[in-house]
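Data block below; observations after.
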2 protein chains.
Amino acid sequence: MSKGEATKQAVLDQAVEVASRLGLSGLTIGTLATQVELSKSGLFAHFRSKEQLQLQVLAHARETFTAQVIRPALSAPRGEKRLRTVFEGWLVCGRESAPGCLFVSAATEFDDQPGAVRDQLVRDHQDLMESLALMFRTGISEGQFREDADPEQFAHDLHGVMLQYFHALRLIRDPAAERRTRRAFDTLLDNVRA
Amino acid sequence: MSKGEATKQAVLDQAVEVASRLGLSGLTIGTLATQVELSKSGLFAHFRSKEQLQLQVLAHARETFTAQVIRPALSAPRGEKRLRTVFEGWLVCGRESAPGCLFVSAATEFDDQPGAVRDQLVRDHQDLMESLALMFRTGISEGQFREDADPEQFAHDLHGVMLQYFHALRLIRDPAAERRTRRAFDTLLDNVRA
């Protein structure tokens, strides 16, 4: 990685953190320049516009989420173990805030704002739902889950369990957040077991 | 209702709509004045500060949500029918956007921002969860749900089902959003039936 590229990655790490806290709309090239102690003109050279900055921040958050949550699961055994690996990674990503949290807040921030950021968020969530449904299908193939279980319904339900985890953990600071989330996840699996 | 009070209610209706679209932080006395065609100084006389405006908008949204979703359920028969009445009202409130949606977006917008707005949001969500748990308990008393079912877990899980409904409906515009949400709700009830 060149020095320029390393700087850019470090700036994006900071930008994901700021966007998770203040929202993607709260992230400007000006406030980011102050935070990372680089010149505004230097950051403009990298990102060109606020929308480009938002899109690159989302791409960076997606890359981190994939590396921390999705990729480890793909080397786990097919079916339930693979889904549990995703689930455990997702829990960690909630506890340590950013970048998974950014997708949760950006979703409600941009759902009413048409444009490139919204379009990218929709694609990212669709990709995630398809990955989860695909992992679930490996559990049907392996005979762990019922033949008539619905992989898209499972992905939908699991995403709801995780949204509620982020909500209970980050807004309510509910000490039972993780325990209730584990119970909800176990119940989802109990409902589809062969 | 006096003319002044009627004007204030109409302004708050508009304010809830703006806040649902742009976020509570995107709502300013200035932009609201333009929207409702009243003078900025007139609105300042009503609301005094941005934070007071945000708190009154939340109070107004809570009042509407209670009238549309909670109160009708309290006159429905105890147990499952009462919970189904809440669920149907909540679905409508998602389809017609605002003011239920405001609570979903405000939760992720303010979870990292300490202050009076965050404190109010936490109390509102705790009240909601307690209402749901209490409704669930009437179903245990009536012998519809298992004695050992956990009312707080049910409230937690139902809230997750609704967060995912708002997500699938409003961000993804998933045509299956309502169907999947109904199925998730039915499964929640199937799991606790006596």
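Lettering and numbering for the structure tokens are positional, with chains as A, B, ... in the shown order, residues counted from 1 in each chain, and ligands counted from 1 in the shown order.
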
Any chance you could fit chain A onto chain B with least squares, all Cα atoms in order, and share the moved copy as an mmCIF file with C-alpha atoms, in the first residue's frame?
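This went into out.cif:
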```
data_model
loop_
_atom_site.group_PDB
_atom_site.id
_atom_site.type_symbol
_atom_site.label_atom_id
_atom_site.label_comp_id
_atom_site.auth_asym_id
_atom_site.auth_seq_id
_atom_site.Cartn_x
_atom_site.Cartn_y
_atom_site.Cartn_z
ATOM 1 C CA MET A 1 -59.389 24.329 20.977
ATOM 2 C CA SER A 2 -58.431 28.036 20.664
ATOM 3 C CA LYS A 3 -57.259 29.434 17.310
ATOM 4 C CA GLY A 4 -53.683 29.715 18.653
ATOM 5 C CA GLU A 5 -53.759 26.091 19.812
ATOM 6 C CA ALA A 6 -55.207 24.898 16.470
ATOM 7 C CA THR A 7 -52.416 26.720 14.603
ATOM 8 C CA LYS A 8 -49.829 25.154 16.854
ATOM 9 C CA GLN A 9 -51.220 21.640 16.252
ATOM 10 C CA ALA A 10 -51.167 22.229 12.477
ATOM 11 C CA VAL A 11 -47.574 23.477 12.676
ATOM 12 C CA LEU A 12 -46.592 20.392 14.689
ATOM 13 C CA ASP A 13 -48.208 18.079 12.111
ATOM 14 C CA GLN A 14 -46.020 19.689 9.439
ATOM 15 C CA ALA A 15 -42.969 19.557 11.697
ATOM 16 C CA VAL A 16 -43.405 15.798 12.288
ATOM 17 C CA GLU A 17 -43.605 15.311 8.516
ATOM 18 C CA VAL A 18 -40.419 17.355 7.900
ATOM 19 C CA ALA A 19 -38.564 15.571 10.740
ATOM 20 C CA SER A 20 -39.602 12.140 9.404
ATOM 21 C CA ARG A 21 -38.129 13.063 6.024
ATOM 22 C CA LEU A 22 -34.996 15.029 6.950
ATOM 23 C CA GLY A 23 -34.357 13.854 10.506
ATOM 24 C CA LEU A 24 -35.045 15.779 13.704
ATOM 25 C CA SER A 25 -31.676 17.531 13.261
ATOM 26 C CA GLY A 26 -32.731 18.675 9.805
ATOM 27 C CA LEU A 27 -35.749 20.454 11.306
ATOM 28 C CA THR A 28 -35.026 24.101 12.113
ATOM 29 C CA ILE A 29 -37.351 26.936 13.087
ATOM 30 C CA GLY A 30 -36.233 28.661 9.862
ATOM 31 C CA THR A 31 -37.103 25.815 7.467
ATOM 32 C CA LEU A 32 -40.336 25.126 9.334
ATOM 33 C CA ALA A 33 -41.347 28.825 9.068
ATOM 34 C CA THR A 34 -40.929 28.646 5.266
ATOM 35 C CA GLN A 35 -42.926 25.403 5.102
ATOM 36 C CA VAL A 36 -45.909 26.630 7.146
ATOM 37 C CA GLU A 37 -45.741 30.224 5.854
ATOM 38 C CA LEU A 38 -45.518 31.785 9.297
ATOM 39 C CA SER A 39 -42.894 34.242 10.483
ATOM 40 C CA LYS A 40 -39.760 32.905 12.120
ATOM 41 C CA SER A 41 -40.356 35.232 15.075
ATOM 42 C CA GLY A 42 -43.904 33.849 15.466
ATOM 43 C CA LEU A 43 -42.539 30.277 15.628
ATOM 44 C CA PHE A 44 -39.804 31.337 18.056
ATOM 45 C CA ALA A 45 -42.566 32.650 20.341
ATOM 46 C CA HIS A 46 -44.114 29.151 20.319
ATOM 47 C CA PHE A 47 -40.972 26.978 20.532
ATOM 48 C CA ARG A 48 -38.140 29.183 21.928
ATOM 49 C CA SER A 49 -35.251 26.887 20.823
ATOM 50 C CA LYS A 50 -34.432 24.096 18.390
ATOM 51 C CA GLU A 51 -34.323 21.574 21.255
ATOM 52 C CA GLN A 52 -37.744 22.682 22.529
ATOM 53 C CA LEU A 53 -39.083 22.330 18.991
ATOM 54 C CA GLN A 54 -37.595 18.800 18.724
ATOM 55 C CA LEU A 55 -39.100 17.793 22.090
ATOM 56 C CA GLN A 56 -42.540 19.145 21.176
ATOM 57 C CA VAL A 57 -42.381 17.391 17.806
ATOM 58 C CA LEU A 58 -41.606 14.105 19.565
ATOM 59 C CA ALA A 59 -44.433 14.676 22.056
ATOM 60 C CA HIS A 60 -46.821 15.357 19.164
ATOM 61 C CA ALA A 61 -45.668 12.236 17.288
ATOM 62 C CA ARG A 62 -46.069 10.177 20.468
ATOM 63 C CA GLU A 63 -49.605 11.485 20.966
ATOM 64 C CA THR A 64 -50.545 10.565 17.379
ATOM 65 C CA PHE A 65 -48.925 7.113 17.652
ATOM 66 C CA THR A 66 -50.739 6.440 20.941
ATOM 67 C CA ALA A 67 -54.074 7.526 19.460
ATOM 68 C CA GLN A 68 -53.624 5.447 16.284
ATOM 69 C CA VAL A 69 -51.854 2.330 17.574
ATOM 70 C CA ILE A 70 -52.050 1.912 21.350
ATOM 71 C CA ARG A 71 -55.459 3.294 22.377
ATOM 72 C CA PRO A 72 -57.576 1.249 19.908
ATOM 73 C CA ALA A 73 -55.839 -1.896 21.207
ATOM 74 C CA LEU A 74 -56.846 -1.126 24.780
ATOM 75 C CA SER A 75 -60.523 -1.436 23.838
ATOM 76 C CA ALA A 76 -59.894 -4.727 21.982
ATOM 77 C CA PRO A 77 -60.307 -8.069 23.817
ATOM 78 C CA ARG A 78 -57.362 -9.027 26.037
ATOM 79 C CA GLY A 79 -54.475 -11.165 24.767
ATOM 80 C CA GLU A 80 -53.906 -12.068 21.121
ATOM 81 C CA LYS A 81 -56.697 -9.849 19.717
ATOM 82 C CA ARG A 82 -55.272 -6.843 21.553
ATOM 83 C CA LEU A 83 -51.761 -7.516 20.229
ATOM 84 C CA ARG A 84 -53.137 -7.988 16.697
ATOM 85 C CA THR A 85 -54.880 -4.621 16.940
ATOM 86 C CA VAL A 86 -51.560 -2.970 17.865
ATOM 87 C CA PHE A 87 -49.828 -4.807 15.037
ATOM 88 C CA GLU A 88 -52.385 -3.757 12.388
ATOM 89 C CA GLY A 89 -52.264 -0.124 13.557
ATOM 90 C CA TRP A 90 -48.460 -0.170 13.471
ATOM 91 C CA LEU A 91 -48.483 -1.530 9.887
ATOM 92 C CA VAL A 92 -50.770 1.312 8.797
ATOM 93 C CA CYS A 93 -48.556 3.834 10.543
ATOM 94 C CA GLY A 94 -45.554 2.510 8.539
ATOM 95 C CA ARG A 95 -47.412 2.586 5.228
ATOM 96 C CA GLU A 96 -48.657 6.141 5.753
ATOM 97 C CA SER A 97 -45.209 7.239 6.976
ATOM 98 C CA ALA A 98 -44.844 9.737 9.901
ATOM 99 C CA PRO A 99 -45.183 9.761 12.962
ATOM 100 C CA GLY A 100 -44.213 6.165 13.839
ATOM 101 C CA CYS A 101 -41.392 6.431 11.346
ATOM 102 C CA LEU A 102 -40.067 9.454 13.185
ATOM 103 C CA PHE A 103 -39.324 7.301 16.239
ATOM 104 C CA VAL A 104 -37.422 4.785 14.098
ATOM 105 C CA SER A 105 -35.212 7.405 12.453
ATOM 106 C CA ALA A 106 -34.815 9.544 15.591
ATOM 107 C CA ALA A 107 -33.587 6.475 17.518
ATOM 108 C CA THR A 108 -30.543 5.958 15.278
ATOM 109 C CA GLU A 109 -30.082 9.715 14.819
ATOM 110 C CA PHE A 110 -29.815 10.435 18.552
ATOM 111 C CA ASP A 111 -28.416 7.212 20.041
ATOM 112 C CA ASP A 112 -24.928 8.786 20.155
ATOM 113 C CA GLN A 113 -26.061 12.313 21.085
ATOM 114 C CA PRO A 114 -26.545 12.768 24.843
ATOM 115 C CA GLY A 115 -29.163 15.325 25.872
ATOM 116 C CA ALA A 116 -32.848 15.978 26.471
ATOM 117 C CA VAL A 117 -33.975 14.595 23.092
ATOM 118 C CA ARG A 118 -32.132 11.300 23.585
ATOM 119 C CA ASP A 119 -33.463 11.017 27.171
ATOM 120 C CA GLN A 120 -37.023 11.530 25.953
ATOM 121 C CA LEU A 121 -36.605 8.945 23.187
ATOM 122 C CA VAL A 122 -35.363 6.372 25.704
ATOM 123 C CA ARG A 123 -38.367 7.016 27.979
ATOM 124 C CA ASP A 124 -40.788 6.807 25.047
ATOM 125 C CA HIS A 125 -39.353 3.485 23.892
ATOM 126 C CA GLN A 126 -39.359 2.096 27.429
ATOM 127 C CA ASP A 127 -43.027 3.096 27.804
ATOM 128 C CA LEU A 128 -43.845 1.391 24.521
ATOM 129 C CA MET A 129 -42.019 -1.813 25.505
ATOM 130 C CA GLU A 130 -43.829 -1.848 28.865
ATOM 131 C CA SER A 131 -47.216 -1.370 27.169
ATOM 132 C CA LEU A 132 -46.498 -4.270 24.811
ATOM 133 C CA ALA A 133 -45.308 -6.528 27.642
ATOM 134 C CA LEU A 134 -48.432 -5.658 29.644
ATOM 135 C CA MET A 135 -50.692 -6.522 26.710
ATOM 136 C CA PHE A 136 -48.852 -9.808 26.337
ATOM 137 C CA ARG A 137 -49.436 -10.555 30.044
ATOM 138 C CA THR A 138 -53.208 -10.282 29.530
ATOM 139 C CA GLY A 139 -52.816 -13.180 27.076
ATOM 140 C CA ILE A 140 -51.097 -15.283 29.746
ATOM 141 C CA SER A 141 -53.845 -14.443 32.280
ATOM 142 C CA GLU A 142 -56.487 -15.444 29.734
ATOM 143 C CA GLY A 143 -54.753 -18.795 29.176
ATOM 144 C CA GLN A 144 -53.956 -18.007 25.508
ATOM 145 C CA PHE A 145 -50.156 -17.873 25.955
ATOM 146 C CA ARG A 146 -47.881 -20.243 27.873
ATOM 147 C CA GLU A 147 -47.361 -19.515 31.586
ATOM 148 C CA ASP A 148 -43.577 -19.549 31.094
ATOM 149 C CA ALA A 149 -43.579 -17.190 28.066
ATOM 150 C CA ASP A 150 -41.489 -14.050 28.657
ATOM 151 C CA PRO A 151 -43.487 -10.819 28.104
ATOM 152 C CA GLU A 152 -40.348 -8.624 27.858
ATOM 153 C CA GLN A 153 -38.816 -10.988 25.301
ATOM 154 C CA PHE A 154 -42.037 -10.822 23.275
ATOM 155 C CA ALA A 155 -42.002 -6.997 23.358
ATOM 156 C CA HIS A 156 -38.322 -7.007 22.320
ATOM 157 C CA ASP A 157 -38.974 -9.435 19.449
ATOM 158 C CA LEU A 158 -42.083 -7.617 18.221
ATOM 159 C CA HIS A 159 -40.183 -4.330 18.149
ATOM 160 C CA GLY A 160 -37.520 -6.019 15.982
ATOM 161 C CA VAL A 161 -40.204 -7.329 13.613
ATOM 162 C CA MET A 162 -41.526 -3.768 13.216
ATOM 163 C CA LEU A 163 -38.066 -2.197 12.760
ATOM 164 C CA GLN A 164 -37.440 -4.676 9.963
ATOM 165 C CA TYR A 165 -40.851 -3.852 8.459
ATOM 166 C CA PHE A 166 -39.964 -0.154 8.293
ATOM 167 C CA HIS A 167 -36.552 -1.044 6.850
ATOM 168 C CA ALA A 168 -37.885 -3.390 4.145
ATOM 169 C CA LEU A 169 -40.746 -1.034 3.283
ATOM 170 C CA ARG A 170 -39.038 2.340 3.337
ATOM 171 C CA LEU A 171 -35.438 1.670 2.306
ATOM 172 C CA ILE A 172 -35.698 -1.460 0.144
ATOM 173 C CA ARG A 173 -39.313 -0.848 -1.047
ATOM 174 C CA ASP A 174 -39.576 -4.647 -0.877
ATOM 175 C CA PRO A 175 -42.997 -5.659 -2.263
ATOM 176 C CA ALA A 176 -42.916 -8.612 0.166
ATOM 177 C CA ALA A 177 -42.336 -6.383 3.220
ATOM 178 C CA GLU A 178 -45.854 -6.654 4.634
ATOM 179 C CA ARG A 179 -46.245 -10.361 3.825
ATOM 180 C CA ARG A 180 -42.932 -11.231 5.520
ATOM 181 C CA THR A 181 -43.793 -9.043 8.511
ATOM 182 C CA ARG A 182 -47.162 -10.767 8.945
ATOM 183 C CA ARG A 183 -45.451 -14.136 8.785
ATOM 184 C CA ALA A 184 -42.859 -13.078 11.379
ATOM 185 C CA PHE A 185 -45.622 -11.821 13.697
ATOM 186 C CA ASP A 186 -47.641 -15.044 13.310
ATOM 187 C CA THR A 187 -44.518 -17.095 14.106
ATOM 188 C CA LEU A 188 -43.902 -15.018 17.266
ATOM 189 C CA LEU A 189 -47.425 -15.844 18.418
ATOM 190 C CA ASP A 190 -47.195 -19.526 17.384
ATOM 191 C CA ASN A 191 -44.086 -19.821 19.565
ATOM 192 C CA VAL A 192 -45.876 -18.678 22.737
ATOM 193 C CA ARG A 193 -49.340 -20.163 22.299
ATOM 194 C CA ALA A 194 -50.544 -22.304 25.200
#
```

Margin query: Write out as a ChimeraX atom specification the set of residues from chain B that DSSP, computed on the backbone, places in helix (DSSP H, G or I).
Written below: /B:3-22,29-36,40-47,50-74,80-95,100-110,116-141,151-171,177-192
